[in-house]
Every structure is written in structure tokens, then in C-alpha cells.
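Pasting coords-v8.cif here (mmCIF, C-alpha atoms and all ligand atoms):
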```cif
data_upload
#
loop_
_atom_site.label_atom_id
_atom_site.label_comp_id
_atom_site.auth_asym_id
_atom_site.auth_seq_id
_atom_site.Cartn_x
_atom_site.Cartn_y
_atom_site.Cartn_z
CA MET A 503 -50.27 -42.01 -22.12
CA ASN A 504 -52.09 -43.91 -24.86
CA GLU A 505 -52.41 -47.53 -23.75
CA ILE A 506 -52.87 -49.01 -27.21
CA SER A 507 -49.65 -47.35 -28.35
CA PHE A 508 -47.84 -48.40 -25.18
CA ASN A 509 -48.88 -52.04 -25.54
CA GLU A 510 -48.09 -52.24 -29.26
CA LEU A 511 -44.62 -50.69 -28.84
CA HIS A 512 -43.89 -52.94 -25.85
CA LYS A 513 -44.94 -56.05 -27.72
CA TYR A 514 -41.92 -55.70 -30.03
CA MET A 515 -39.59 -54.55 -27.23
CA GLU A 516 -40.44 -57.73 -25.34
CA GLN A 517 -40.12 -59.92 -28.42
CA TYR A 518 -36.55 -58.70 -29.04
CA GLY A 519 -35.51 -58.01 -25.44
CA ALA A 520 -34.98 -54.30 -26.12
CA ASP A 521 -35.31 -51.58 -23.49
CA ASN A 522 -36.37 -48.98 -26.03
CA SER A 523 -38.70 -48.41 -28.96
CA ILE A 524 -38.01 -46.16 -31.95
CA GLY A 525 -41.03 -44.17 -30.69
CA ASP A 526 -39.10 -43.11 -27.58
CA LEU A 527 -37.50 -40.36 -29.64
CA THR A 528 -40.63 -38.18 -29.45
CA PRO A 529 -41.15 -38.03 -25.66
CA THR A 530 -37.36 -37.76 -25.21
CA MET A 531 -37.22 -34.69 -27.45
CA CYS A 532 -40.34 -33.28 -25.77
CA ASP A 533 -38.65 -33.56 -22.36
CA LEU A 534 -35.43 -32.01 -23.69
CA PHE A 535 -37.30 -29.03 -25.17
CA GLY A 536 -39.90 -28.68 -22.42
CA CYS A 537 -42.92 -29.55 -24.60
CA GLN A 538 -46.10 -31.46 -23.89
CA TYR A 539 -46.23 -34.99 -25.32
CA PRO A 540 -48.46 -35.70 -28.33
CA ALA A 541 -51.91 -36.80 -27.13
CA GLU A 542 -51.61 -40.35 -28.52
CA CYS A 543 -48.00 -40.97 -27.39
CA GLY A 544 -47.42 -44.33 -25.76
CA ALA A 545 -43.62 -44.24 -25.82
CA THR A 546 -41.34 -43.40 -22.90
CA ALA A 547 -38.70 -40.68 -22.62
CA ILE A 548 -35.17 -42.06 -22.33
CA ALA A 549 -34.24 -41.14 -18.77
CA SER A 550 -30.46 -41.31 -19.23
CA VAL A 551 -30.62 -38.77 -22.09
CA VAL A 552 -32.86 -36.39 -20.16
CA ASP A 553 -30.68 -36.80 -17.04
CA GLN A 554 -27.49 -36.15 -18.99
CA ALA A 555 -28.96 -32.95 -20.42
CA PHE A 556 -29.83 -31.85 -16.89
CA ARG A 557 -26.36 -32.72 -15.59
CA LEU A 558 -24.62 -30.79 -18.37
CA THR A 559 -26.86 -27.74 -18.54
CA GLY A 560 -28.30 -27.57 -15.02
CA LYS A 561 -31.71 -26.95 -16.59
CA GLU A 562 -34.76 -29.04 -17.38
CA GLY A 563 -36.57 -28.71 -20.69
CA LYS A 564 -34.29 -25.96 -21.97
CA MET A 565 -32.46 -27.66 -24.82
CA GLU A 566 -31.78 -25.01 -27.46
CA LYS A 567 -30.82 -26.85 -30.65
CA ALA A 568 -31.23 -30.34 -32.07
CA LEU A 569 -30.29 -32.11 -35.25
CA ILE A 570 -31.99 -35.46 -35.92
CA PHE A 571 -30.22 -37.42 -38.66
CA CYS A 572 -32.35 -40.25 -40.09
CA PRO A 573 -30.44 -42.84 -42.15
CA ASP A 574 -33.11 -45.07 -43.68
CA ALA A 575 -32.82 -48.86 -43.09
CA VAL A 576 -29.63 -48.87 -41.01
CA GLY A 577 -30.30 -51.60 -38.45
CA ASP A 578 -28.48 -53.30 -35.61
CA ILE A 579 -27.51 -55.95 -38.17
CA HIS A 580 -25.34 -53.32 -39.88
CA ARG A 581 -23.60 -52.55 -36.62
CA GLN A 582 -22.82 -56.25 -36.36
CA LYS A 583 -21.61 -56.48 -39.97
CA TYR A 584 -19.72 -53.16 -40.06
CA PRO A 585 -18.75 -52.53 -36.43
CA GLU A 586 -16.02 -50.04 -37.33
CA LYS A 587 -18.49 -47.79 -39.17
CA LEU A 588 -21.12 -47.66 -36.43
CA ALA A 589 -18.41 -47.35 -33.77
CA ARG A 590 -17.62 -43.93 -35.28
CA VAL A 591 -21.22 -42.87 -34.68
CA GLU A 592 -21.20 -44.27 -31.14
CA LYS A 593 -17.92 -42.55 -30.32
CA LEU A 594 -19.34 -39.16 -31.24
CA ALA A 595 -22.73 -39.77 -29.67
CA GLY A 596 -21.88 -41.41 -26.38
CA PHE A 597 -25.34 -42.89 -25.90
CA ARG A 598 -26.62 -45.90 -27.85
CA PHE A 599 -30.09 -47.36 -27.39
CA ARG A 600 -31.01 -50.71 -28.91
CA SER A 601 -34.56 -50.08 -30.04
CA THR A 602 -37.34 -51.99 -31.74
CA SER A 603 -39.19 -50.89 -34.81
CA VAL A 604 -42.89 -51.50 -35.48
CA MET A 605 -44.83 -53.64 -37.94
CA PRO A 606 -44.94 -53.63 -40.84
CA SER A 607 -41.34 -52.43 -40.74
CA VAL A 608 -41.61 -50.09 -43.71
CA THR A 609 -40.60 -46.45 -43.85
CA PRO A 610 -43.85 -44.45 -43.42
CA VAL A 611 -45.14 -46.77 -40.68
CA CYS A 612 -41.88 -46.48 -38.73
CA PHE A 613 -41.24 -42.74 -39.13
CA GLY A 614 -44.91 -42.23 -38.19
CA THR A 615 -44.05 -43.88 -34.87
CA ILE A 616 -40.65 -42.21 -34.41
CA PHE A 617 -42.11 -38.71 -34.72
CA SER A 618 -45.38 -39.24 -32.84
CA GLY A 619 -44.55 -41.78 -30.12
CA SER A 620 -47.73 -43.59 -31.15
CA SER A 621 -48.03 -47.07 -32.63
CA PRO A 622 -49.31 -47.95 -36.11
CA ASP A 623 -52.74 -48.98 -34.77
CA VAL A 624 -53.05 -45.48 -33.33
CA HIS A 625 -51.30 -43.24 -35.88
CA GLY A 626 -53.10 -45.09 -38.66
CA ILE A 627 -50.33 -45.83 -41.19
CA LYS A 628 -50.34 -49.63 -41.25
CA LYS A 629 -48.92 -50.36 -44.69
CA TYR A 630 -46.69 -48.69 -47.27
CA GLU A 631 -48.69 -45.53 -47.91
CA LYS A 632 -47.97 -41.87 -47.26
CA PRO A 633 -51.07 -40.02 -46.05
CA VAL A 634 -50.64 -36.92 -43.91
CA LEU A 635 -50.63 -38.15 -40.31
CA LYS A 636 -53.74 -37.13 -38.37
CA VAL A 637 -52.37 -37.71 -34.87
CA GLU A 638 -50.32 -35.14 -32.98
CA THR A 639 -46.60 -35.36 -33.70
CA LEU A 640 -43.37 -34.09 -32.22
CA PHE A 641 -43.54 -31.32 -34.81
CA ASP A 642 -46.94 -30.09 -33.55
CA MET A 643 -45.66 -30.02 -29.98
CA LEU A 644 -42.43 -28.19 -30.88
CA ALA A 645 -44.35 -25.65 -32.98
CA ALA A 646 -46.87 -25.11 -30.16
CA ALA A 647 -43.94 -24.39 -27.85
CA GLY A 648 -42.70 -21.72 -30.28
CA LYS A 649 -39.84 -23.78 -31.72
CA ASN A 650 -38.70 -23.30 -35.29
CA VAL A 651 -38.49 -26.66 -37.09
CA ALA A 652 -37.05 -27.63 -40.50
CA VAL A 653 -37.60 -31.01 -42.17
CA ILE A 654 -35.08 -31.65 -44.95
CA SER A 655 -35.79 -34.77 -47.01
CA ARG A 656 -36.10 -36.42 -50.42
CA ASN A 657 -38.80 -35.10 -52.69
CA GLY A 658 -41.93 -37.24 -52.22
CA CYS A 659 -40.42 -39.60 -49.63
CA SER A 660 -42.30 -40.67 -46.50
CA ILE A 661 -40.84 -37.98 -44.24
CA ASP A 662 -41.52 -35.37 -46.91
CA LYS A 663 -45.20 -36.31 -47.17
CA ILE A 664 -46.64 -37.68 -43.91
CA PHE A 665 -45.77 -34.70 -41.67
CA ARG A 666 -47.18 -31.99 -43.97
CA ASP A 667 -49.67 -29.35 -42.80
CA ARG A 668 -47.69 -28.52 -39.66
CA GLU A 669 -46.37 -25.11 -38.63
CA ILE A 670 -42.87 -26.07 -39.72
CA ASP A 671 -40.76 -25.60 -42.86
CA TYR A 672 -40.18 -28.31 -45.48
CA PHE A 673 -37.16 -28.56 -47.75
CA SER A 674 -37.24 -31.24 -50.49
CA PHE A 675 -34.32 -32.42 -52.60
CA ARG A 676 -33.72 -35.01 -55.31
CA THR A 677 -30.48 -36.25 -53.75
CA ASP A 678 -29.00 -36.96 -50.34
CA ALA A 679 -26.15 -34.62 -51.24
CA GLY A 680 -28.70 -31.81 -51.64
CA ILE A 681 -30.21 -32.62 -48.25
CA PHE A 682 -26.75 -32.70 -46.67
CA GLU A 683 -25.71 -29.32 -48.10
CA GLN A 684 -29.01 -27.74 -47.01
CA THR A 685 -28.58 -29.19 -43.52
CA ARG A 686 -25.09 -27.72 -43.27
CA LYS A 687 -26.41 -24.37 -44.49
CA LEU A 688 -29.23 -24.25 -41.93
CA ILE A 689 -26.91 -25.24 -39.08
CA SER A 690 -24.54 -22.45 -40.03
CA ASP A 691 -26.85 -19.58 -40.93
CA SER A 692 -30.42 -20.06 -39.71
CA ASP A 693 -32.35 -19.77 -36.47
CA TYR A 694 -33.98 -23.19 -36.65
CA ASP A 695 -34.18 -24.87 -33.25
CA VAL A 696 -34.73 -28.41 -34.54
CA ILE A 697 -33.58 -29.77 -37.91
CA ILE A 698 -34.52 -33.19 -39.33
CA SER A 699 -32.09 -34.45 -41.98
CA TYR A 700 -32.99 -37.59 -43.92
CA PHE A 701 -30.63 -40.00 -45.73
CA MET A 702 -32.18 -42.37 -48.28
CA ASP A 703 -29.42 -43.92 -50.40
CA TYR A 704 -28.47 -46.84 -48.16
CA ASP A 705 -32.08 -48.08 -48.25
CA HIS A 706 -32.57 -47.31 -51.92
CA LEU A 707 -29.39 -49.08 -53.05
CA SER A 708 -30.05 -52.06 -50.74
CA HIS A 709 -33.39 -52.69 -52.43
CA ARG A 710 -31.66 -52.61 -55.77
CA HIS A 711 -28.43 -54.53 -55.10
CA GLY A 712 -28.87 -56.33 -51.76
CA PRO A 713 -27.93 -54.99 -48.30
CA TYR A 714 -24.24 -55.95 -48.45
CA ALA A 715 -23.37 -55.08 -52.04
CA ASP A 716 -20.66 -52.51 -52.71
CA GLU A 717 -23.10 -49.75 -53.74
CA PRO A 718 -25.22 -49.67 -50.52
CA VAL A 719 -22.18 -50.20 -48.30
CA ALA A 720 -20.57 -47.15 -49.92
CA ALA A 721 -23.79 -45.24 -49.14
CA LEU A 722 -23.61 -46.42 -45.51
CA GLU A 723 -20.08 -45.03 -45.35
CA THR A 724 -21.40 -41.75 -46.78
CA ALA A 725 -24.10 -41.64 -44.09
CA VAL A 726 -21.48 -42.05 -41.35
CA GLN A 727 -19.30 -39.35 -42.94
CA TYR A 728 -22.30 -37.00 -43.20
CA PHE A 729 -23.04 -37.60 -39.51
CA GLU A 730 -19.42 -36.86 -38.58
CA THR A 731 -19.47 -33.63 -40.57
CA LEU A 732 -22.83 -32.52 -39.18
CA VAL A 733 -21.68 -33.15 -35.61
CA ALA A 734 -18.60 -31.01 -36.30
CA ASP A 735 -20.82 -28.29 -37.80
CA ALA A 736 -23.13 -28.38 -34.78
CA ASP A 737 -20.16 -28.05 -32.43
CA LYS A 738 -18.81 -25.14 -34.46
CA TYR A 739 -21.93 -23.11 -35.25
CA TRP A 740 -24.01 -24.08 -32.21
CA ALA A 741 -21.13 -23.75 -29.74
CA ASN A 742 -23.11 -21.15 -27.78
CA PHE A 743 -26.20 -23.33 -27.50
CA ASP A 744 -27.10 -26.39 -25.47
CA ARG A 745 -27.47 -28.95 -28.22
CA THR A 746 -28.36 -32.51 -29.14
CA VAL A 747 -27.50 -34.57 -32.23
CA VAL A 748 -29.39 -37.83 -32.83
CA TRP A 749 -28.85 -40.76 -35.24
CA ALA A 750 -32.33 -42.22 -35.71
CA PRO A 751 -33.01 -44.88 -38.36
CA ASP A 752 -36.48 -46.33 -38.92
CA HIS A 753 -35.84 -50.09 -39.43
CA GLY A 754 -33.14 -52.46 -40.72
CA ASN A 755 -33.26 -54.77 -43.73
CA HIS A 756 -32.44 -58.28 -44.92
CA ILE A 757 -31.30 -60.19 -47.98
CA ILE A 758 -34.13 -61.22 -50.32
CA ASP A 759 -32.06 -62.85 -53.04
CA GLU A 760 -28.63 -62.45 -54.57
CA THR A 761 -29.37 -59.05 -56.04
CA SER A 762 -31.98 -57.49 -53.80
CA GLY A 763 -32.83 -56.62 -50.23
CA GLY A 764 -35.91 -55.50 -48.38
CA HIS A 765 -37.71 -55.05 -45.08
CA GLY A 766 -41.23 -55.07 -43.70
CA THR A 767 -41.18 -58.34 -41.77
CA ASN A 768 -41.01 -59.17 -38.07
CA ILE A 769 -37.44 -60.54 -37.97
CA PRO A 770 -34.41 -59.19 -36.05
CA GLU A 771 -32.68 -57.85 -39.17
CA ASP A 772 -35.67 -55.62 -39.93
CA MET A 773 -36.90 -54.86 -36.41
CA VAL A 774 -33.85 -54.00 -34.30
CA VAL A 775 -32.08 -50.66 -34.77
CA ASN A 776 -29.86 -48.37 -32.69
CA HIS A 777 -30.65 -44.77 -31.85
CA PHE A 778 -27.63 -42.69 -30.78
CA TYR A 779 -27.73 -39.40 -28.82
CA ARG A 780 -25.04 -36.79 -28.37
CA ILE A 781 -25.72 -34.11 -25.73
CA ARG A 782 -23.47 -31.07 -25.33
CA SER A 783 -23.76 -27.90 -23.27
CA LYS A 784 -22.94 -24.45 -24.57
CA GLU A 785 -19.45 -23.17 -23.94
CA ALA A 786 -19.56 -21.14 -20.75
ZN ZN A 801 -37.18 -46.96 -44.34
#
```
Spell out the structure here as C-alpha cells.
Ligand SMILES: [Zn+2]
Amino acid sequence: MNEISFNELHKYMEQYGADNSIGDLTPTMCDLFGCQYPAECGATAIASVVDQAFRLTGKEGKMEKALIFCPDAVGDIHRQKYPEKLARVEKLAGFRFRSTSVMPSVTPVCFGTIFSGSSPDVHGIKKYEKPVLKVETLFDMLAAAGKNVAVISRNGCSIDKIFRDREIDYFSFRTDAGIFEQTRKLISDSDYDVIISYFMDYDHLSHRHGPYADEPVAALETAVQYFETLVADADKYWANFDRTVVWAPDHGNHIIDETSGGHGTNIPEDMVVNHFYRIRSKEA
């Protein structure tokens, strides 16, 4: 347990009265798959997720498949504004965890924390930049445990760049539709154990038009539809595997002026998100 990471993650949890940090994803996945935690992890595994996996499968650390869907900039504020959309995610997932982001609340800083369990002071990305992360990540731990991992993202985006040089496979696309189709393909016909699938358009269109303009809201609807389809694919093609599907955004966003939106500040709209987990056991 890295104390600097622990204290930095807890600072924001306390500020916003949240029980979870976005960094909790890494130790949670490590417990599900029976891996060691990254050396610098200061986050905490989500006990109710790990317990549910044990209840359903009767095994500890033996999860067989996971899909982690990462819709950029979808915060708790969007659940408040569009409750019917996020209710569809919650209905499929079952578990929702109100979680705090980290500062500055920009994409590489936050995904650095999500996939390492370490805080910005420890993982080293403390502004909008995309160096390859030096600290141990979830991907290193999964690879060391012999798991086959695919990261499917936008060409040159944060997720595409900061987790390079690991023993995993990278798929880069120019569009979210390309990412989505590749994700469906790998669920249906590959032997990947863990698949990361990124969704950029909500964030991208929010910067350009403002968070609540028609264009980004249509992209948010697309993200929810993609999640619904990917859950159905996982149930169909991974029916014979114990499996997990996660909805894991990095931060929220806020209105900057009439035609633009952004994030990066320490306010509730940017800092509070929801991570959703769906756990299913193989068909007997
Ligand atoms: Zn982002």
C-alpha cells in the first residue's frame, strides 16, 4: 500500500463524501483475477464486487473474462441530468459506485490513476501530457499473471499512449465506431481475457459544443447503446466464462460558456463519477 497514493485519493473522497475513488478499479480487478497489486497502488478493492464474484462463482481470484468500457467525461452530473440514460447502465450492471476523480481532472491524469491505483503525485502525470507511465499498472499485473489483454482506443489518445510498452496488445482507431466494432469482434472471436474499450465522442463534442448540446448528448446516448450491445455480446459469447463488465469513466465536465465545455478543476461536475460493475457466472 503506497501511503502517498492512499492519502491523495482519500483527500478527494473526503472532499466529496464518496466511498470510492476511480483508482479502486485496479485493486478490484486484481482481486477478481487473482493478481498482485501494482507496487505503488494506494486504492482499495471494492469489497462488494469481490464478494459478489465469490458468491456467484464459489471461487476467489478466478474471474475469466472482463470488458472495461471507458466513456470519457461522463460524470455523476450526467446521471443527474439524464437519469433515464444512466439508469439503463445501472440496470444492466447492478452495482454503482460513486467515485472521485483526481486533480487535475484531465484524461491522462485520471486514466493513469484508474489503471494503476496510484495517485498523480505517484504515477507522475500531473498535467495534460501523455508520457508512457513508469509505475506498475493493472496491465503489468495481468500480463505477469499470464492474462491476455487488449486495449482498444482512439489513435493517439491518452489511453493509447500512456500504457505502451506493456506485454499487451494495442488496437488504435480513428473513430469510436471502429473501436466498438473491434471490441465486438474480440469478444466474439478472440481469447483475450481482459478488453479495454474506450469511447471519446461525448468528451470531444462537449469541448466543442458544451456538455448539454444536442451533439454530445447524442454521443452519450451512443455510449449507452454501445454498452448495452457489448453486455449482450459478453453474455452471448462469454456465456461459458465467469465474467465482468465495467463502465468506468475518468472525470465529468462542466459548462465553460454558451458553446463550450471542459474539465480539469476541483468542482463536483468534474470530480464525481460513477463506476458500474456487472458480475456474471458461467452457465453451469
Ligand atoms: Zn477524459
Which protein, DNA or RNA residues have an atom within 8 Å of ligand ZN 801 (chain A), counting all atoms listed in the file, as a list in words?
Asp574, Ala575, Ser607, Val608, Thr609, Pro610, Cys612, Phe613, Met702, Asp705, Pro751, Asp752, His753 and Gly754 of chain A
Restrict the selected residues to C-alpha atoms and save them as an mmCIF file, keeping the file's coordinate frame.
```cif
data_model
loop_
_atom_site.group_PDB
_atom_site.id
_atom_site.type_symbol
_atom_site.label_atom_id
_atom_site.label_comp_id
_atom_site.auth_asym_id
_atom_site.auth_seq_id
_atom_site.Cartn_x
_atom_site.Cartn_y
_atom_site.Cartn_z
ATOM 1 C CA ASP A 574 -33.110 -45.070 -43.680
ATOM 2 C CA ALA A 575 -32.820 -48.860 -43.090
ATOM 3 C CA SER A 607 -41.340 -52.430 -40.740
ATOM 4 C CA VAL A 608 -41.610 -50.090 -43.710
ATOM 5 C CA THR A 609 -40.600 -46.450 -43.850
ATOM 6 C CA PRO A 610 -43.850 -44.450 -43.420
ATOM 7 C CA CYS A 612 -41.880 -46.480 -38.730
ATOM 8 C CA PHE A 613 -41.240 -42.740 -39.130
ATOM 9 C CA MET A 702 -32.180 -42.370 -48.280
ATOM 10 C CA ASP A 705 -32.080 -48.080 -48.250
ATOM 11 C CA PRO A 751 -33.010 -44.880 -38.360
ATOM 12 C CA ASP A 752 -36.480 -46.330 -38.920
ATOM 13 C CA HIS A 753 -35.840 -50.090 -39.430
ATOM 14 C CA GLY A 754 -33.140 -52.460 -40.720
#
```
Just the number, please: distance in Å from CA of Ile769 in chain A to CA of Asp578 in chain A, one decimal.
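About the pair CA of Ile769 in chain A and CA of Asp578 in chain A: they are 11.8 Å apart.
Nearest to Ala568 in chain A of all the residues A:Glu631, A:Glu592, A:Asp772, A:Asp695 is A:Asp695, counting all atoms listed in the file.
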For Val696 in chain A: contacts at 7 Å, all atoms listed in the file, fewer than 2 positions along chain excluded, given as a list in words
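Everything that qualifies: Lys567, Ala568, Leu569, Asn650, Val651, Ala652, Tyr694 and Ile698 of chain A.
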Using all atoms listed in the file, can you tell me which of A:Ser762, A:Asn504, A:Asn509, A:Ser618 comes closest to Cys532 in chain A?
A:Ser618
Just the residues within 10 Å of Thr724 in chain A, please, counting all atoms listed in the file, with nothing from its chain fewer than 2 positions along; format it as a PDB file with C-alpha atoms, in the coordinates of the input.
```
ATOM      1  CA  ASP A 678     -29.000 -36.960 -50.340  1.00  0.00           C
ATOM      2  CA  ALA A 679     -26.150 -34.620 -51.240  1.00  0.00           C
ATOM      3  CA  PHE A 701     -30.630 -40.000 -45.730  1.00  0.00           C
ATOM      4  CA  ASP A 703     -29.420 -43.920 -50.400  1.00  0.00           C
ATOM      5  CA  TYR A 704     -28.470 -46.840 -48.160  1.00  0.00           C
ATOM      6  CA  PRO A 718     -25.220 -49.670 -50.520  1.00  0.00           C
ATOM      7  CA  VAL A 719     -22.180 -50.200 -48.300  1.00  0.00           C
ATOM      8  CA  ALA A 720     -20.570 -47.150 -49.920  1.00  0.00           C
ATOM      9  CA  ALA A 721     -23.790 -45.240 -49.140  1.00  0.00           C
ATOM     10  CA  LEU A 722     -23.610 -46.420 -45.510  1.00  0.00           C
ATOM     11  CA  VAL A 726     -21.480 -42.050 -41.350  1.00  0.00           C
ATOM     12  CA  GLN A 727     -19.300 -39.350 -42.940  1.00  0.00           C
ATOM     13  CA  TYR A 728     -22.300 -37.000 -43.200  1.00  0.00           C
ATOM     14  CA  PHE A 729     -23.040 -37.600 -39.510  1.00  0.00           C
ATOM     15  CA  GLU A 730     -19.420 -36.860 -38.580  1.00  0.00           C
TER      16      GLU A 730
END
```
